[in-house]
file work.txt (compact mmCIF, C-alpha atoms)
# COMPACT_ATOMS: atom_id res chain seq x y z
CA MET A 10 130.69 160.08 45.38
CA ALA A 11 127.70 161.47 47.26
CA TYR A 12 124.95 159.08 48.35
CA PRO A 13 121.32 159.93 49.05
CA ARG A 14 120.60 159.95 52.77
CA LYS A 15 118.49 157.09 54.07
CA LYS A 16 115.09 158.20 55.34
CA THR A 17 114.75 157.76 59.09
CA PRO A 18 111.70 157.36 61.35
CA GLY A 19 112.66 160.46 63.35
CA ASP A 20 113.50 163.98 62.18
CA THR A 21 117.22 164.08 61.36
CA ALA A 22 117.05 167.06 58.98
CA TRP A 23 118.09 169.51 61.70
CA PHE A 24 120.63 167.03 63.08
CA VAL A 25 122.72 166.72 59.91
CA ARG A 26 122.60 170.50 59.54
CA ASP A 27 123.73 171.32 63.08
CA ARG A 28 126.52 168.70 63.20
CA PHE A 29 127.94 169.49 66.67
CA GLY A 30 126.58 168.69 70.12
CA MET A 31 127.46 168.41 73.82
CA PHE A 32 127.23 165.21 75.86
CA ILE A 33 127.00 165.65 79.64
CA HIS A 34 127.85 162.65 81.83
CA PHE A 35 126.85 163.50 85.39
CA GLY A 36 125.91 161.26 88.27
CA LEU A 37 127.01 159.85 91.61
CA TYR A 38 130.28 158.73 90.01
CA ALA A 39 131.39 162.39 90.04
CA VAL A 40 131.82 162.07 93.83
CA PRO A 41 134.53 159.34 93.83
CA ALA A 42 135.82 161.06 90.66
CA ARG A 43 137.54 158.09 89.07
CA HIS A 44 135.46 156.97 86.09
CA GLU A 45 131.74 156.44 85.53
CA TRP A 46 132.23 152.64 85.46
CA LEU A 47 133.72 152.72 88.94
CA LYS A 48 130.97 150.59 90.48
CA CYS A 49 131.52 147.84 87.90
CA ARG A 50 135.31 148.01 87.74
CA GLU A 51 135.86 148.05 91.49
CA ARG A 52 132.82 145.89 92.29
CA THR A 53 131.85 148.49 94.83
CA PRO A 54 129.58 147.19 97.61
CA GLU A 55 126.16 148.83 97.85
CA ALA A 56 126.88 150.27 101.29
CA LYS A 57 130.01 151.99 100.01
CA TYR A 58 128.33 153.33 96.88
CA ASP A 59 125.44 154.59 99.00
CA GLN A 60 127.88 157.04 100.59
CA TYR A 61 128.06 158.85 97.27
CA PHE A 62 124.26 159.11 97.23
CA GLN A 63 124.31 160.54 100.75
CA HIS A 64 126.93 163.14 99.80
CA PHE A 65 125.76 164.13 96.31
CA ASP A 66 125.33 167.89 96.48
CA PRO A 67 126.27 169.83 93.30
CA ASP A 68 125.74 173.18 95.00
CA LEU A 69 127.74 175.05 92.34
CA MET A 70 125.86 173.57 89.40
CA ASP A 71 124.52 176.28 87.13
CA ALA A 72 122.99 174.71 84.02
CA ARG A 73 122.77 178.19 82.52
CA ASP A 74 126.57 178.39 82.63
CA TRP A 75 126.86 174.97 80.99
CA ALA A 76 124.48 176.15 78.27
CA ARG A 77 126.31 179.42 77.70
CA GLN A 78 129.61 177.59 77.29
CA ALA A 79 128.03 175.06 74.93
CA LYS A 80 126.57 177.84 72.82
CA ALA A 81 129.87 179.72 72.69
CA ALA A 82 131.57 176.50 71.57
CA GLY A 83 129.14 176.23 68.66
CA MET A 84 127.25 173.24 70.01
CA LYS A 85 123.69 173.12 68.69
CA TYR A 86 122.25 170.26 70.77
CA ALA A 87 122.98 168.69 74.15
CA VAL A 88 122.29 165.30 75.73
CA LEU A 89 122.26 164.75 79.50
CA THR A 90 122.62 161.42 81.29
CA ALA A 91 119.21 161.30 82.94
CA LYS A 92 120.19 157.84 84.21
CA HIS A 93 123.53 156.09 83.74
CA HIS A 94 124.43 152.45 84.43
CA GLU A 95 124.61 153.05 88.19
CA GLY A 96 120.81 153.52 88.12
CA PHE A 97 120.83 156.96 89.77
CA CYS A 98 118.37 159.42 88.22
CA LEU A 99 118.89 163.15 87.71
CA PHE A 100 115.12 163.60 87.31
CA ASP A 101 112.26 163.46 89.79
CA SER A 102 110.92 160.04 88.87
CA LYS A 103 107.87 158.66 90.63
CA HIS A 104 109.17 155.13 90.09
CA THR A 105 112.30 155.23 92.24
CA GLU A 106 113.70 156.81 95.37
CA TYR A 107 117.18 156.69 93.83
CA LYS A 108 117.13 160.22 92.41
CA SER A 109 118.68 163.64 92.81
CA THR A 110 115.68 165.08 94.65
CA ASN A 111 116.35 162.64 97.50
CA THR A 112 120.01 163.62 97.94
CA PRO A 113 121.35 166.69 99.78
CA CYS A 114 121.04 168.36 96.38
CA GLY A 115 117.23 168.12 96.50
CA ARG A 116 116.83 169.34 92.93
CA ASP A 117 115.48 168.02 89.63
CA LEU A 118 118.67 168.51 87.61
CA ALA A 119 117.13 167.31 84.37
CA ARG A 120 114.59 170.12 84.54
CA GLU A 121 117.30 172.68 85.17
CA PHE A 122 119.18 171.30 82.16
CA VAL A 123 116.30 171.48 79.69
CA ASN A 124 115.25 174.95 80.82
CA ALA A 125 118.75 176.37 80.58
CA PHE A 126 119.67 174.88 77.22
CA ARG A 127 116.36 175.71 75.59
CA ALA A 128 116.81 179.31 76.75
CA GLU A 129 120.04 179.43 74.72
CA GLY A 130 118.35 177.97 71.64
CA ILE A 131 120.04 174.58 72.01
CA ARG A 132 118.05 171.42 71.32
CA VAL A 133 117.88 168.95 74.21
CA GLY A 134 118.11 165.21 74.59
CA PHE A 135 118.28 162.60 77.33
CA TYR A 136 120.67 159.68 77.65
CA TYR A 137 118.94 156.77 79.35
CA SER A 138 120.89 153.68 80.34
CA LEU A 139 119.24 150.38 79.51
CA ILE A 140 121.54 148.95 82.18
CA ASP A 141 120.79 149.48 85.87
CA TRP A 142 123.12 148.16 88.55
CA HIS A 143 120.87 149.42 91.35
CA HIS A 144 117.44 148.10 90.38
CA PRO A 145 116.50 144.90 92.26
CA MET A 146 114.84 143.34 89.18
CA PHE A 147 117.82 143.87 86.83
CA PRO A 148 119.45 140.44 86.37
CA ILE A 149 123.09 140.16 87.35
CA ASP A 150 125.23 139.86 84.21
CA LYS A 151 128.84 140.03 83.07
CA PHE A 152 129.08 143.76 83.84
CA HIS A 153 127.09 143.83 87.08
CA PRO A 154 129.10 144.83 90.18
CA ARG A 155 127.80 141.77 92.08
CA ARG A 156 128.81 139.29 89.36
CA GLY A 157 131.73 137.87 91.32
CA ASP A 158 130.18 137.83 94.79
CA ALA A 159 130.08 134.49 96.58
CA ASN A 160 126.29 134.79 96.85
CA ALA A 161 125.73 136.22 93.35
CA GLU A 162 123.53 133.31 92.27
CA GLU A 163 121.35 133.78 95.33
CA LEU A 164 121.18 137.54 94.76
CA ASP A 165 120.05 136.97 91.19
CA ARG A 166 117.28 134.56 92.11
CA GLY A 167 113.86 136.07 91.40
CA ARG A 168 115.12 138.96 89.28
CA ASP A 169 112.60 139.52 86.51
CA MET A 170 113.61 141.29 83.32
CA THR A 171 109.97 141.86 82.35
CA LYS A 172 109.39 143.88 85.50
CA TYR A 173 112.57 145.84 84.89
CA VAL A 174 111.54 146.64 81.30
CA GLN A 175 108.25 148.02 82.59
CA TYR A 176 110.26 150.24 84.93
CA MET A 177 112.24 151.53 81.96
CA LYS A 178 109.09 152.25 79.97
CA ASP A 179 107.58 154.11 82.91
CA GLN A 180 110.67 156.25 83.35
CA ILE A 181 111.06 156.97 79.65
CA THR A 182 107.41 158.02 79.64
CA GLU A 183 108.23 160.53 82.37
CA LEU A 184 111.19 161.90 80.45
CA LEU A 185 109.19 162.32 77.26
CA THR A 186 106.07 163.81 78.83
CA ASN A 187 107.19 165.89 81.84
CA TYR A 188 109.94 168.01 80.27
CA GLY A 189 108.48 169.42 77.07
CA LYS A 190 109.72 168.47 73.63
CA ILE A 191 112.76 166.19 73.75
CA ASP A 192 114.72 166.03 70.50
CA ILE A 193 116.96 163.01 71.16
CA LEU A 194 116.69 159.83 73.25
CA TRP A 195 120.11 158.21 73.54
CA LEU A 196 119.72 154.61 74.79
CA ASP A 197 122.77 152.66 75.98
CA PHE A 198 123.62 149.73 75.43
CA SER A 199 123.41 146.08 74.26
CA TYR A 200 126.07 143.39 74.66
CA PRO A 201 126.42 139.70 73.72
CA ALA A 202 126.39 136.71 76.03
CA ASP A 203 129.64 135.45 77.51
CA PRO A 204 130.36 131.79 76.67
CA ASN A 205 132.21 131.51 79.97
CA ALA A 206 129.37 132.91 82.06
CA PRO A 207 128.18 130.73 84.97
CA ALA A 208 125.12 128.58 84.25
CA TRP A 209 122.87 130.58 86.60
CA MET A 210 123.46 133.85 84.77
CA GLN A 211 120.45 134.73 82.62
CA ASN A 212 121.07 134.83 78.85
CA GLY A 213 124.72 134.02 79.41
CA GLY A 214 125.31 137.39 81.01
CA GLY A 215 124.38 139.36 77.88
CA LYS A 216 121.47 141.60 77.02
CA GLY A 217 120.06 142.67 73.67
CA LYS A 218 116.84 143.45 71.86
CA GLU A 219 115.00 140.41 73.21
CA GLN A 220 115.83 141.25 76.81
CA TRP A 221 115.07 144.96 76.41
CA GLN A 222 111.91 144.12 74.42
CA SER A 223 113.24 146.75 72.04
CA GLU A 224 110.49 146.59 69.43
CA GLU A 225 107.82 147.38 72.02
CA LEU A 226 110.06 149.90 73.76
CA ILE A 227 110.78 151.79 70.53
CA ALA A 228 107.13 151.70 69.48
CA HIS A 229 106.25 153.19 72.86
CA VAL A 230 108.80 155.98 72.41
CA ARG A 231 107.48 156.75 68.91
CA SER A 232 103.93 156.91 70.23
CA LEU A 233 105.00 159.63 72.65
CA ALA A 234 107.45 161.49 70.40
CA PRO A 235 107.12 160.54 66.70
CA ASP A 236 109.90 162.85 65.48
CA ILE A 237 112.43 162.10 68.21
CA ILE A 238 115.90 160.94 67.19
CA LEU A 239 116.73 157.46 68.50
CA ASN A 240 120.09 155.74 68.35
CA ASP A 241 120.87 152.12 67.54
CA ARG A 242 121.98 150.77 70.92
CA ALA A 243 118.78 148.91 71.75
CA GLN A 244 119.98 146.62 68.94
CA ILE A 245 117.39 147.77 66.40
CA PRO A 246 118.52 150.33 63.79
CA GLN A 247 116.66 153.61 64.08
CA ASP A 248 117.79 157.14 63.16
CA ILE A 249 121.50 157.28 63.92
CA ILE A 250 124.39 154.91 64.36
CA THR A 251 126.83 155.80 67.10
CA PRO A 252 130.51 154.81 66.85
CA GLU A 253 132.13 155.53 70.22
CA GLN A 254 135.61 157.04 70.58
CA SER A 255 136.22 156.46 66.86
CA THR A 256 135.39 157.96 63.49
CA TYR A 257 134.63 156.30 60.18
CA ASP A 258 137.76 156.26 58.05
CA PHE A 259 135.87 155.90 54.80
CA TRP A 260 132.64 157.42 53.56
CA GLU A 261 131.68 154.02 52.19
CA THR A 262 131.49 152.55 55.70
CA PRO A 263 128.06 153.92 56.72
CA ILE A 264 126.33 152.96 53.46
CA GLU A 265 123.37 150.60 53.27
CA ASN A 266 121.80 149.62 49.95
CA GLY A 267 123.25 152.67 48.25
CA GLU A 268 122.03 155.12 50.91
CA ALA A 269 124.07 157.04 53.46
CA LEU A 270 123.22 156.33 57.09
CA THR A 271 123.06 159.18 59.57
CA TRP A 272 125.81 158.80 62.12
CA GLU A 273 127.29 160.49 65.14
CA THR A 274 130.55 159.76 66.87
CA CYS A 275 130.64 160.35 70.62
CA GLN A 276 133.97 161.49 72.03
CA THR A 277 135.52 162.69 75.28
CA PHE A 278 137.87 165.53 76.12
CA SER A 279 139.93 163.06 78.16
CA GLY A 280 139.91 159.31 78.75
CA SER A 281 136.75 159.29 80.86
CA TRP A 282 133.11 160.24 80.41
CA GLY A 283 132.38 161.07 84.04
CA TYR A 284 134.52 163.52 86.00
CA PHE A 285 137.92 161.93 86.73
CA ARG A 286 140.00 164.18 88.96
CA ASP A 287 143.37 162.51 88.31
CA GLU A 288 142.95 161.59 84.63
CA THR A 289 145.73 163.11 82.51
CA THR A 290 145.14 162.12 78.87
CA TRP A 291 143.36 165.31 77.82
CA LYS A 292 143.26 166.02 74.10
CA THR A 293 145.29 168.88 72.64
CA PRO A 294 143.59 171.79 70.84
CA THR A 295 144.62 170.36 67.47
CA MET A 296 143.17 166.95 68.35
CA LEU A 297 139.90 168.53 69.45
CA LEU A 298 139.51 170.49 66.21
CA GLU A 299 140.57 167.52 64.09
CA LEU A 300 137.82 165.38 65.65
CA LEU A 301 135.20 167.91 64.62
CA VAL A 302 136.51 168.67 61.15
CA LYS A 303 137.37 165.09 60.25
CA THR A 304 133.95 163.86 61.37
CA VAL A 305 132.07 166.41 59.26
CA SER A 306 134.44 165.74 56.34
CA LYS A 307 133.21 162.13 56.47
CA GLY A 308 129.56 163.19 56.62
CA GLY A 309 128.97 162.66 60.34
CA ASN A 310 128.07 164.47 63.56
CA LEU A 311 130.28 164.94 66.60
CA ILE A 312 129.01 164.99 70.18
CA MET A 313 131.74 165.93 72.66
CA ASN A 314 131.41 165.03 76.32
CA VAL A 315 131.91 167.02 79.49
CA GLY A 316 131.86 165.51 82.97
CA PRO A 317 130.95 168.09 85.63
CA THR A 318 132.60 167.89 89.05
CA ALA A 319 130.70 166.63 92.10
CA ARG A 320 129.91 170.26 92.94
CA GLY A 321 128.40 170.68 89.51
CA TYR A 322 130.74 173.02 87.69
CA LEU A 323 132.99 172.32 84.69
CA ASP A 324 136.61 172.27 85.78
CA SER A 325 139.28 174.39 84.11
CA ARG A 326 140.41 171.57 81.79
CA ALA A 327 136.90 171.14 80.41
CA GLU A 328 136.41 174.89 80.12
CA ASN A 329 139.71 175.22 78.26
CA ALA A 330 138.67 172.48 75.83
CA LEU A 331 135.34 174.19 75.20
CA LYS A 332 137.16 177.48 74.64
CA VAL A 333 139.24 175.84 71.89
CA TYR A 334 136.00 175.23 70.02
CA ALA A 335 134.58 178.64 70.92
CA ASP A 336 137.62 180.50 69.58
CA TRP A 337 137.68 178.52 66.34
CA MET A 338 133.94 178.24 65.68
CA LYS A 339 133.47 181.99 66.17
CA TYR A 340 135.01 182.47 62.73
CA ASN A 341 134.84 179.06 61.06
CA ALA A 342 131.41 177.64 61.93
CA ARG A 343 130.33 178.09 58.31
CA SER A 344 132.62 175.18 57.38
CA ILE A 345 130.74 172.90 59.83
CA TYR A 346 127.03 173.77 59.90
CA GLY A 347 125.12 172.47 56.91
CA CYS A 348 128.27 170.81 55.57
CA THR A 349 129.20 167.27 54.68
CA LYS A 350 131.73 165.24 52.71
CA ALA A 351 133.07 166.92 49.59
CA GLU A 352 131.75 165.61 46.30
CA TRP A 353 135.26 164.90 45.01
CA ASP A 354 137.47 162.08 46.21
CA LEU A 355 140.64 164.08 45.77
CA PRO A 356 144.13 162.96 46.72
CA LEU A 357 144.76 165.36 49.60
CA PRO A 358 147.98 166.69 51.07
CA GLY A 359 148.66 165.44 54.60
CA GLY A 360 146.71 167.26 57.28
CA VAL A 361 144.12 168.67 54.87
CA TYR A 362 140.38 167.97 55.29
CA LEU A 363 137.55 169.11 53.04
CA THR A 364 133.94 169.87 53.85
CA GLN A 365 131.32 171.14 51.42
CA SER A 366 128.04 172.95 51.91
CA GLU A 367 124.99 170.77 51.29
CA ASP A 368 123.97 172.99 48.36
CA GLY A 369 127.34 172.30 46.76
CA LYS A 370 128.22 175.97 46.33
CA ARG A 371 131.12 176.26 48.76
CA LEU A 372 134.10 174.07 49.56
CA TYR A 373 136.11 174.45 52.77
CA ILE A 374 139.79 173.54 52.96
CA HIS A 375 140.98 172.96 56.54
CA LEU A 376 144.73 173.19 57.02
CA PHE A 377 146.02 171.19 59.98
CA ASN A 378 149.50 171.15 58.45
CA TYR A 379 150.64 174.48 57.09
CA PRO A 380 152.15 174.16 53.58
CA TYR A 381 154.83 176.83 53.59
CA GLN A 382 155.04 177.23 49.83
CA GLU A 383 151.79 176.28 48.16
CA LEU A 384 148.74 174.06 48.35
CA TYR A 385 147.58 172.35 45.19
CA PHE A 386 144.87 169.98 44.01
CA GLU A 387 144.37 168.04 40.83
CA GLY A 388 141.19 167.05 39.04
CA ALA A 389 137.77 168.41 38.14
CA PHE A 390 137.66 170.56 41.25
CA ALA A 391 140.05 173.02 39.58
CA ASP A 392 137.54 173.93 36.86
CA ARG A 393 134.85 174.83 39.41
CA ILE A 394 136.68 177.49 41.40
CA GLU A 395 135.30 181.00 41.15
CA TYR A 396 136.89 182.75 44.15
CA ALA A 397 138.70 181.88 47.38
CA GLN A 398 139.12 183.62 50.71
CA LEU A 399 140.37 182.99 54.21
CA LEU A 400 137.22 182.21 56.16
CA LYS A 401 138.36 183.88 59.38
CA ASP A 402 138.68 187.39 57.99
CA GLY A 403 137.31 187.25 54.45
CA SER A 404 140.68 188.16 52.93
CA GLU A 405 141.31 186.98 49.38
CA VAL A 406 143.39 183.85 48.88
CA PRO A 407 144.84 183.98 45.36
CA PHE A 408 144.96 180.87 43.20
CA ARG A 409 146.12 179.91 39.75
CA LYS A 410 145.28 177.05 37.46
CA THR A 411 147.75 175.12 35.36
CA THR A 412 147.38 172.29 32.91
CA LEU A 413 148.95 168.96 33.79
CA ILE A 414 151.18 167.68 30.98
CA GLY A 415 151.94 164.02 30.50
CA ALA A 416 155.27 162.47 29.56
CA ALA A 417 154.44 162.75 25.85
CA GLY A 418 153.41 166.38 26.18
CA GLU A 419 149.67 165.71 26.15
CA PRO A 420 147.33 167.60 28.53
CA GLN A 421 146.13 165.48 31.45
CA GLY A 422 143.68 167.73 33.26
CA GLU A 423 143.86 170.71 35.50
CA LYS A 424 145.73 171.54 38.68
CA VAL A 425 144.91 174.45 40.97
CA ARG A 426 147.57 176.06 43.13
CA PHE A 427 147.09 178.23 46.21
CA PRO A 428 150.42 180.01 46.80
CA LEU A 429 150.56 180.44 50.57
CA ALA A 430 154.18 181.44 51.13
CA GLY A 431 154.23 184.51 53.35
CA CYS A 432 150.58 184.20 54.39
CA PHE A 433 149.94 184.96 58.06
CA PHE A 434 147.55 182.46 59.67
CA GLU A 435 146.93 183.38 63.27
CA GLU A 436 144.72 180.45 64.22
CA THR A 437 145.53 176.80 64.88
CA VAL A 438 143.54 175.51 61.91
CA PRO A 439 142.97 178.08 59.15
CA VAL A 440 140.17 177.46 56.66
CA ILE A 441 140.05 178.51 53.02
CA GLU A 442 136.54 179.08 51.73
CA VAL A 443 136.20 178.33 48.03
CA PHE A 444 133.21 179.63 46.05
CA LEU A 445 132.27 177.19 43.30
CA LYS A 446 130.75 177.70 39.88
CA ASP A 447 127.59 175.78 39.02

call {"tool": "encode", "arguments": {"input": "work.txt", "output": "structure tokens"}}
result
Amino acid sequence: MAYPRKKTPGDTAWFVRDRFGMFIHFGLYAVPARHEWLKCRERTPEAKYDQYFQHFDPDLMDARDWARQAKAAGMKYAVLTAKHHEGFCLFDSKHTEYKSTNTPCGRDLAREFVNAFRAEGIRVGFYYSLIDWHHPMFPIDKFHPRRGDANAEELDRGRDMTKYVQYMKDQITELLTNYGKIDILWLDFSYPADPNAPAWMQNGGGKGKEQWQSEELIAHVRSLAPDIILNDRAQIPQDIITPEQSTYDFWETPIENGEALTWETCQTFSGSWGYFRDETTWKTPTMLLELLVKTVSKGGNLIMNVGPTARGYLDSRAENALKVYADWMKYNARSIYGCTKAEWDLPLPGGVYLTQSEDGKRLYIHLFNYPYQELYFEGAFADRIEYAQLLKDGSEVPFRKTTLIGAAGEPQGEKVRFPLAGCFFEETVPVIEVFLKD
């Protein structure tokens, strides 16, 4: 069953058409190269972490190369971490000295990003962390690197969330006014109080819409960029909901009052968002393609993350992952762009995912498991088929319809069979494009 899409404050019409984007997690954490939460996980002292600031010099960063690879992979929008939880800024903010222009790099990397990606026709967005482990007014909480220090209570004394929120508003103003039109603002994130937090910890070590002053913050963003796409992580629903490292298993999940919510799942090529030199759990080509196809088959968007090295280039593992998408999307992008969940809830063979064009005229059958004899479907879908072809090369895929007969010999509907024995499918995931009758 198809549901009408819920109207959103921002412009999501292009978003649900384009379906596929690139996330870029880049910051000081690329220097130690062992996870973007390093400062929290290892409770890194400020003096030690400052070494990464002093040595941050992505001399081989070429945002134009990033953009070209994103475009080849079929990615239609990109979001850069303008500021992650560590508090370091990739843009030339007037409100902090903790920024890329003050490192050996000496460059406004956010500006290089927007210029390069726009030149390739890719929409641009900024990730902005609500959390800031560097700012002196950000209260120490359950994730803060200083949470377990012997003098943590003393360090927290005098920290004023109101002053920090003003800092956020000032920086977001810069991002939305100094870099041209920004299509997405990806805020991150809210978290509940900890019942075991020490008594001195403000709000029990949690932070949400009250602490972020989210209503005022969002109103401010809308005043600067009315059509911008905002996510839900300031704890007030906006344009998109953002499941992380997971996909919705059922179309019914993102439904509210009979309307489909716009959603995007954010995923990584490996087990880390930032560059992790020694991380080994990189996804296989089949897993990468399944994430994209499965997400669109459920009616969602996929944003896949890359973590550039400390010198600013994408390493061979990231480039190989992007090439998986490039090779497949070159021929099969039509089954992704402007597509959504199929109108039929068909019982599907294992490893088969369906997407359908928004106008309902074409159905796409993605084969992750190759059926050596034939592929068949039952139900009303069979009566709608006009023609079928392999999407990669436009070659005809024959089909035949048969009538299902019950135990008493009575007709019980139609079945359509695609005899595939002997077919040569060169690619990892072949797609059958089915033209449908009105």

call {"tool": "residues_around", "arguments": {"input": "work.txt", "residues": "region 279-286 of chain A", "least_positions_apart": "4", "cutoff": "10 Å", "atoms": "all atoms listed in the file", "output": "PyMOL selection string"}}
result
chain A and resi 32-47+254+290-293+313-319+323-324+326-327+330

call {"tool": "residues_around", "arguments": {"input": "work.txt", "residues": "region 226-228 of chain A", "least_positions_apart": "2", "cutoff": "10 Å", "atoms": "all atoms listed in the file", "output": "compact mmCIF listing (two decimals) with C-alpha atoms, in the frame of the given file"}}
result
# COMPACT_ATOMS: atom_id res chain seq x y z
CA VAL A 174 111.54 146.64 81.30
CA GLN A 175 108.25 148.02 82.59
CA MET A 177 112.24 151.53 81.96
CA LYS A 178 109.09 152.25 79.97
CA ILE A 181 111.06 156.97 79.65
CA LYS A 218 116.84 143.45 71.86
CA TRP A 221 115.07 144.96 76.41
CA GLN A 222 111.91 144.12 74.42
CA SER A 223 113.24 146.75 72.04
CA GLU A 224 110.49 146.59 69.43
CA VAL A 230 108.80 155.98 72.41
CA ARG A 231 107.48 156.75 68.91
CA SER A 232 103.93 156.91 70.23
CA LEU A 233 105.00 159.63 72.65
CA ALA A 234 107.45 161.49 70.40
CA PRO A 235 107.12 160.54 66.70
CA LEU A 239 116.73 157.46 68.50
CA ALA A 243 118.78 148.91 71.75
CA ILE A 245 117.39 147.77 66.40
CA GLN A 247 116.66 153.61 64.08

call {"tool": "residues_near_point", "arguments": {"input": "work.txt", "point": "(145.0, 190.8, 55.7)", "cutoff": "10 Å", "atoms": "only C-alpha atoms", "output": "ChimeraX atom specification"}}
result
/A:399,402-406,432-434

call {"tool": "closest_residue", "arguments": {"input": "work.txt", "among": "A:Pro201, A:Gly83, A:Gly267, A:Pro154", "to": "Lys15 (chain A)", "atoms": "all atoms listed in the file"}}
result
A:Gly267

call {"tool": "closest_residue", "arguments": {"input": "work.txt", "among": "A:His94, A:Lys48, A:His375, A:His143", "to": "Arg343 (chain A)", "atoms": "only C-alpha atoms"}}
result
A:His375

call {"tool": "residues_around", "arguments": {"input": "work.txt", "residues": "Leu363 (chain A)", "least_positions_apart": "3", "cutoff": "6 Å", "atoms": "only C-alpha atoms", "output": "number ranges by chain"}}
result
A: 306, 373-374
